[in-house]
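Chemist: Quick one: the structure is below, questions incoming.
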Amino acid sequence: MSKRLEGKCALVTGGSRGIGAAIAAAFAQEGARVIISSRKQAGLDETAAAINQTHPGAVVPRACHIGHLDQIAELISWVEQEQGLPDILVNNAGTNPYFGPLLGTSPELWDKTFAVNLRGFFEPTRLLVERWQEQEIKGSVINLASVAGMRAAPLQGVYGMTKAAIISMTQTLAVELGSLGIRVNAIAPGVIDTRLSAMLVKNPDILKVFTDHTALRRHGKPEEISALAVYLASAESSFMTGQTLCVDGGYTIA
């Protein structure tokens, strides 16, 4: 079986668990070198060790709080100097600290959600694209959005707003960077079994609200997102940019 990402290098934020870890494992299986980042080094080390058991040396862990601009700049500089410039960026790190009516959101939680979910996507993209332009690298950016950004998101309003902004950012950057051969796409998962969505998945009554309105009548797994990420990172999607692809079991159409 050919390795679709042979010779590629990817940076995956939020790579210690959930969707990010699944994407890192899928990229490694397809031959890529992968740098994973998240807030805590211990979790990154554990995930990297697990993947490297079957793909020795494929994954390198590096802690970074994506909500802090100085740490993002340090991460990108370190990756470039120590690992070589990635040609794939997966913006995945996210937070959802408030579950409740939109008007009840505190200013502190509003700022935290936007800092991580929106600025934490934009800043790594900006810093890498600047380098790609200098070196004429035709990179691929993959943004993890959400179906919550495509329609009303009761009780997750601020989270949904950040994801709607990510979809807009994806489209704008795709147009602005397309002439350089840089592609920007987004994935919009439905309810996936991760720690971020535990409040939904672990509560049977809340989960039923979603699965009853999902064509496949179930929630998804991180591995069902990572397969699409491989496609968007590979040459197979060379004529695709600016798109937001739903992987939601049919939630948005049911």
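Letters A, B, ... mark the chains of the structure tokens in the order given; residue numbers begin at 1 per chain; ligand numbers begin at 1, in order shown.
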How would you write, as JSON, numbers by chain, the set of residues in stretch 19-182 of chain A that DSSP gives as strand (DSSP E)?
Modeler: {"A": [33, 34, 35, 36, 37, 59, 60, 61, 88, 89, 90, 91, 140, 141, 142, 143, 144]}
Chemist: List the spatial neighbours of A:Ala93 as a PyMOL selection string - criterion: any atom at most 10 Å away, only C-alpha atoms, same-chain residues fewer than 4 positions off excluded.
Modeler: chain A and resi 12-17+19-20+37-39+65-67+116-118+120-121+143-144
Chemist: Name all residues at most 9 Å from A:Ile192 (count only C-alpha atoms; drop same-chain ones fewer than 6 positions away) and give them as JSON, numbers by chain.
Modeler: {"A": [18, 19, 198, 201, 219, 220, 221, 222, 224, 225, 248]}
Chemist: Those selected residues, please, written with N, CA and C atoms and delivered as a JSON list (two decimals), in the first residue's frame.
Modeler:
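selection.json was written with the following content:
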[["chain", "number", "residue", "atom", "x", "y", "z"],
["A", 18, "GLY", "N", -8.01, 12.62, 21.44],
["A", 18, "GLY", "CA", -9.18, 12.85, 20.61],
["A", 18, "GLY", "C", -8.89, 12.90, 19.13],
["A", 19, "ILE", "N", -9.51, 13.85, 18.45],
["A", 19, "ILE", "CA", -9.38, 13.97, 17.00],
["A", 19, "ILE", "C", -7.94, 14.26, 16.61],
["A", 198, "ALA", "N", -17.57, 15.48, 25.97],
["A", 198, "ALA", "CA", -18.01, 14.52, 26.99],
["A", 198, "ALA", "C", -19.36, 14.90, 27.59],
["A", 201, "VAL", "N", -21.78, 13.46, 25.01],
["A", 201, "VAL", "CA", -21.73, 12.02, 24.77],
["A", 201, "VAL", "C", -22.04, 11.21, 26.02],
["A", 219, "HIS", "N", -23.32, 8.69, 17.44],
["A", 219, "HIS", "CA", -22.24, 9.68, 17.40],
["A", 219, "HIS", "C", -21.04, 9.06, 16.70],
["A", 220, "GLY", "N", -20.05, 9.89, 16.42],
["A", 220, "GLY", "CA", -18.90, 9.43, 15.66],
["A", 220, "GLY", "C", -17.68, 9.17, 16.53],
["A", 221, "LYS", "N", -16.62, 8.64, 15.88],
["A", 221, "LYS", "CA", -15.35, 8.35, 16.53],
["A", 221, "LYS", "C", -14.26, 9.21, 15.90],
["A", 222, "PRO", "N", -13.21, 9.54, 16.65],
["A", 222, "PRO", "CA", -12.14, 10.37, 16.09],
["A", 222, "PRO", "C", -11.55, 9.83, 14.80],
["A", 224, "GLU", "N", -13.00, 8.51, 12.44],
["A", 224, "GLU", "CA", -13.85, 8.82, 11.30],
["A", 224, "GLU", "C", -13.63, 10.24, 10.80],
["A", 225, "ILE", "N", -12.87, 11.02, 11.54],
["A", 225, "ILE", "CA", -12.45, 12.35, 11.10],
["A", 225, "ILE", "C", -11.07, 12.29, 10.48],
["A", 248, "ASP", "N", -20.74, 14.20, 9.99],
["A", 248, "ASP", "CA", -21.67, 14.37, 11.11],
["A", 248, "ASP", "C", -22.77, 13.31, 11.16]]
Chemist: Run DSSP on the backbone and tell me which residues of stretch 20-200 of chain A come out as helix (DSSP H, G or I); list them as number ranges by chain.
Modeler: A: 20-29, 41-54, 69-82, 102-104, 107-135, 147-149, 157-180, 198-200
Chemist: In Å, with one decimal, what is the gap from atom CA of A:Cys9 to atom CA of A:Val147?
Modeler: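 So the two atoms, atom CA of A:Cys9 and atom CA of A:Val147, lie 28.1 Å apart.
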Chemist: Compare A:Ala186, A:Ala21, A:Val230, A:Val158 by their minimum atom-to-atom distance to A:Lys112, counting only C-alpha atoms, and give me the closest one.
Modeler: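 When distances to A:Lys112 are compared using only C-alpha atoms, the smallest one comes from A:Val158.
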Chemist: In terms of the shortest atom-to-atom distance over only C-alpha atoms, which of A:Glu176, A:Asp87, A:Asp45, A:Glu108 is closest to A:Ser140?
Modeler: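 Of the candidates, the smallest distance to A:Ser140 is held by A:Asp87.
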Chemist: As a VMD selection string, please: the residues near A:Ile167 (cut-off 10 Å, only C-alpha atoms, same-chain neighbours under 2 positions excluded).
Modeler: chain A and resid 143 to 146 149 to 150 162 to 165 169 to 172 185 to 188 242 to 244
Chemist: Let's have the selection written as a JSON list (two decimals), in the first residue's frame, with N, CA and C atoms.
Modeler:
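Okay, part_17.json is ready:
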[["chain", "number", "residue", "atom", "x", "y", "z"],
["A", 143, "ASN", "N", -8.51, 23.09, 8.92],
["A", 143, "ASN", "CA", -9.10, 23.67, 10.12],
["A", 143, "ASN", "C", -10.23, 22.78, 10.63],
["A", 144, "LEU", "N", -10.21, 22.47, 11.92],
["A", 144, "LEU", "CA", -11.32, 21.71, 12.51],
["A", 144, "LEU", "C", -12.39, 22.69, 12.95],
["A", 145, "ALA", "N", -13.46, 22.74, 12.18],
["A", 145, "ALA", "CA", -14.62, 23.58, 12.52],
["A", 145, "ALA", "C", -15.61, 22.70, 13.28],
["A", 146, "SER", "N", -16.88, 22.86, 13.04],
["A", 146, "SER", "CA", -17.91, 22.07, 13.72],
["A", 146, "SER", "C", -19.25, 22.35, 13.07],
["A", 149, "GLY", "N", -21.00, 25.48, 14.03],
["A", 149, "GLY", "CA", -20.74, 26.74, 13.35],
["A", 149, "GLY", "C", -21.54, 26.91, 12.08],
["A", 150, "MET", "N", -22.42, 25.95, 11.79],
["A", 150, "MET", "CA", -23.17, 25.98, 10.54],
["A", 150, "MET", "C", -24.66, 26.21, 10.75],
["A", 162, "THR", "N", -17.36, 30.80, 17.31],
["A", 162, "THR", "CA", -15.95, 30.68, 16.91],
["A", 162, "THR", "C", -15.81, 29.73, 15.73],
["A", 163, "LYS", "N", -16.61, 28.69, 15.70],
["A", 163, "LYS", "CA", -16.51, 27.73, 14.59],
["A", 163, "LYS", "C", -17.08, 28.32, 13.30],
["A", 164, "ALA", "N", -18.11, 29.15, 13.41],
["A", 164, "ALA", "CA", -18.60, 29.85, 12.22],
["A", 164, "ALA", "C", -17.53, 30.78, 11.66],
["A", 165, "ALA", "N", -16.80, 31.44, 12.56],
["A", 165, "ALA", "CA", -15.71, 32.31, 12.13],
["A", 165, "ALA", "C", -14.59, 31.53, 11.46],
["A", 169, "MET", "N", -13.05, 32.20, 7.86],
["A", 169, "MET", "CA", -11.61, 32.37, 7.69],
["A", 169, "MET", "C", -11.06, 31.40, 6.65],
["A", 170, "THR", "N", -11.56, 30.17, 6.68],
["A", 170, "THR", "CA", -11.13, 29.16, 5.72],
["A", 170, "THR", "C", -11.42, 29.62, 4.29],
["A", 171, "GLN", "N", -12.60, 30.13, 4.07],
["A", 171, "GLN", "CA", -12.99, 30.55, 2.72],
["A", 171, "GLN", "C", -12.16, 31.75, 2.25],
["A", 172, "THR", "N", -11.98, 32.73, 3.12],
["A", 172, "THR", "CA", -11.23, 33.93, 2.75],
["A", 172, "THR", "C", -9.77, 33.60, 2.45],
["A", 185, "ASN", "N", -8.74, 24.22, 3.80],
["A", 185, "ASN", "CA", -10.04, 23.55, 3.90],
["A", 185, "ASN", "C", -10.40, 23.33, 5.37],
["A", 186, "ALA", "N", -11.65, 23.01, 5.59],
["A", 186, "ALA", "CA", -12.12, 22.77, 6.96],
["A", 186, "ALA", "C", -12.93, 21.49, 7.03],
["A", 187, "ILE", "N", -12.89, 20.88, 8.20],
["A", 187, "ILE", "CA", -13.73, 19.73, 8.51],
["A", 187, "ILE", "C", -14.70, 20.15, 9.61],
["A", 188, "ALA", "N", -15.97, 19.83, 9.42],
["A", 188, "ALA", "CA", -16.99, 20.17, 10.42],
["A", 188, "ALA", "C", -17.55, 18.87, 11.00],
["A", 242, "GLY", "N", -10.99, 25.87, 0.13],
["A", 242, "GLY", "CA", -12.10, 26.71, 0.58],
["A", 242, "GLY", "C", -13.34, 25.96, 1.00],
["A", 243, "GLN", "N", -13.23, 24.64, 1.13],
["A", 243, "GLN", "CA", -14.42, 23.84, 1.41],
["A", 243, "GLN", "C", -14.52, 23.48, 2.90],
["A", 244, "THR", "N", -15.74, 23.36, 3.37],
["A", 244, "THR", "CA", -16.01, 22.85, 4.71],
["A", 244, "THR", "C", -16.80, 21.56, 4.55]]
Chemist: Would you mind reading off the distance between atom CA of A:Leu75 and atom CA of A:Val60, one decimal, in Å?
Modeler: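 Between atom CA of A:Leu75 and atom CA of A:Val60 the gap works out to 12.3 Å.
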Chemist: Restricting the calculation to only C-alpha atoms, which member of A:Thr47, A:Gln53, A:Ser168, A:Ser179 is positioned closest to A:Lys138?
Modeler: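 Of A:Thr47, A:Gln53, A:Ser168, A:Ser179, the one nearest A:Lys138, counting only C-alpha atoms, is A:Ser179.
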Chemist: Near A:Phe99, counting only C-alpha atoms, which residues have an atom at most 10 Å away, once you skip same-chain residues fewer than 5 positions from it, shown as a list in words?
Modeler: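 Counting only C-alpha atoms, the residues come to Gly104, Thr105, Pro154, Leu155, Gln156, Gly157, Val158, Tyr159 and Met199 of chain A.
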Chemist: I want to know what sits within 8 Å of A:Gln41, based on only C-alpha atoms, with residues of the same chain fewer than 4 positions away left out; could you give that as a list in words?
Modeler: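 Near neighbours after the sequence-gap exclusion: Asp45, Pro61, Arg62 and Ala63 of chain A.
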Chemist: Taking C-alpha atoms for each residue, export the selection above as a short mmCIF file (atom, residue, chain, number, x, y, z; two decimals), in the first residue's frame.
Modeler:
data_model
loop_
_atom_site.label_atom_id
_atom_site.label_comp_id
_atom_site.auth_asym_id
_atom_site.auth_seq_id
_atom_site.Cartn_x
_atom_site.Cartn_y
_atom_site.Cartn_z
CA ASP A 45 4.66 12.26 25.36
CA PRO A 61 5.73 16.10 20.93
CA ARG A 62 6.11 19.78 21.85
CA ALA A 63 4.01 21.60 24.44
#
Chemist: Counting only C-alpha atoms, which of A:Ala32, A:Ala174, A:Gly94, A:Ala24 gets nearest to A:Ala49?
Modeler: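 Residue with the minimum atom-to-atom distance to A:Ala49: A:Ala24.
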Chemist: Hey, what's within 12 Å of A:Arg33 if we count only C-alpha atoms and toss same-chain stuff fewer than 2 positions away? As a ChimeraX atom specification, please?
Modeler: /A:3,5-12,23-31,35-36,48,51-52,55-61,79,83-89
Chemist: Between atom CA of A:Ile182 and atom CA of A:Met161, measure the distance and give it in Å to one decimal.
Modeler: 25.6 Å
